[in-house]
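Taking it in order: structure first as structure tokens, then the write-up.
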Amino acid sequence: KLIIVGPKSSGKTHLLKIWAKKMDSMVIDIRDLLNYDFSFLIRQNFLAIDNLDHILEFSHMQRKSIEEILFHIFNFYQILFYLIKYYKV
């Protein structure tokens with residue numbers, strides 16, 4: 001888990017893209033998250049979500065859907081890393 005926080009135009013997205021390139025990670029803007037299927041998202045080696053601060057631009061129902069997707073992605077990777085670490089899956 002990595003969270004990059006800073007003021008507007010401080011280079012957060014630039015740092016994220018550098019990290020993503022080194023880690024072969026997919027970068028998804030929060031504004032595009034609802035366009036992806038959950039099964040596609042969890043098949044990525046690493047996943048980076050950019051512009052989380054824009055979540056307030058969405059309607060209540062869209063925010064609820066985005067929060068649910070993020071919750072499930074987070075839980076999926078937590079379980080996966082646990083299985084890899086302790087069971088060598």
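By convention in this document, the chains of the structure tokens carry letters A, B, ... by their order, each chain's residues are numbered from 1, and ligands are numbered from 1 in the order they are shown.
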
Shell around Thr13 of chain A at 12 Å using only C-alpha atoms, local window under 6 positions removed, as a PyMOL selection string: chain A and resi 3-7+19-20+27-29+48-52

Could you take the residues named above and write them with C-alpha atoms, as a PDB file, in the first residue's frame?
ATOM      1  CA  ILE A   3      -0.458   6.696  -0.707  1.00  0.00           C
ATOM      2  CA  ILE A   4       1.073   9.832  -2.207  1.00  0.00           C
ATOM      3  CA  VAL A   5      -0.321  13.018  -0.678  1.00  0.00           C
ATOM      4  CA  GLY A   6       0.530  16.624  -1.450  1.00  0.00           C
ATOM      5  CA  PRO A   7      -0.770  19.952  -2.673  1.00  0.00           C
ATOM      6  CA  TRP A  19       6.443   3.964  -9.694  1.00  0.00           C
ATOM      7  CA  ALA A  20       3.878   2.351 -12.007  1.00  0.00           C
ATOM      8  CA  VAL A  27      -2.709   3.392 -13.503  1.00  0.00           C
ATOM      9  CA  ILE A  28      -6.407   4.190 -13.445  1.00  0.00           C
ATOM     10  CA  ASP A  29      -7.861   7.618 -12.876  1.00  0.00           C
ATOM     11  CA  ALA A  48      -2.566   2.397  -8.964  1.00  0.00           C
ATOM     12  CA  ILE A  49      -5.572   4.666  -8.548  1.00  0.00           C
ATOM     13  CA  ASP A  50      -4.934   8.342  -9.317  1.00  0.00           C
ATOM     14  CA  ASN A  51      -6.940  11.431  -8.374  1.00  0.00           C
ATOM     15  CA  LEU A  52      -8.842   9.968  -5.431  1.00  0.00           C
TER      16      LEU A  52
END

Those of segment 44-73 of chain A in DSSP strand (DSSP E or B), formatted as a list in words: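 In segment 44-73 of chain A, DSSP puts these residues in strand (DSSP E or B): Leu47, Ala48, Ile49 and Asp50 of chain A.
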
Test item, alpha helix (DSSP H) assignment across segment 3-88 of chain A, answer as an NGL selection string: :A and (12-23 or 38-42 or 60-87)

Atomic separation - atom CA of Val89 of chain A relative to atom CA of Asp24 of chain A, Å: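 The value is 20.9 Å.
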
Near-segment 66-83 of chain A list (12 Å; only C-alpha atoms; drop same-chain fewer than 3 positions) as a count of residues only: 39

Atom CA of Ile84 of chain A to atom CA of Leu16 of chain A, straight-line distance in Å: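 Atom-to-atom, atom CA of Leu16 of chain A and atom CA of Ile84 of chain A are spaced 25.0 Å apart.
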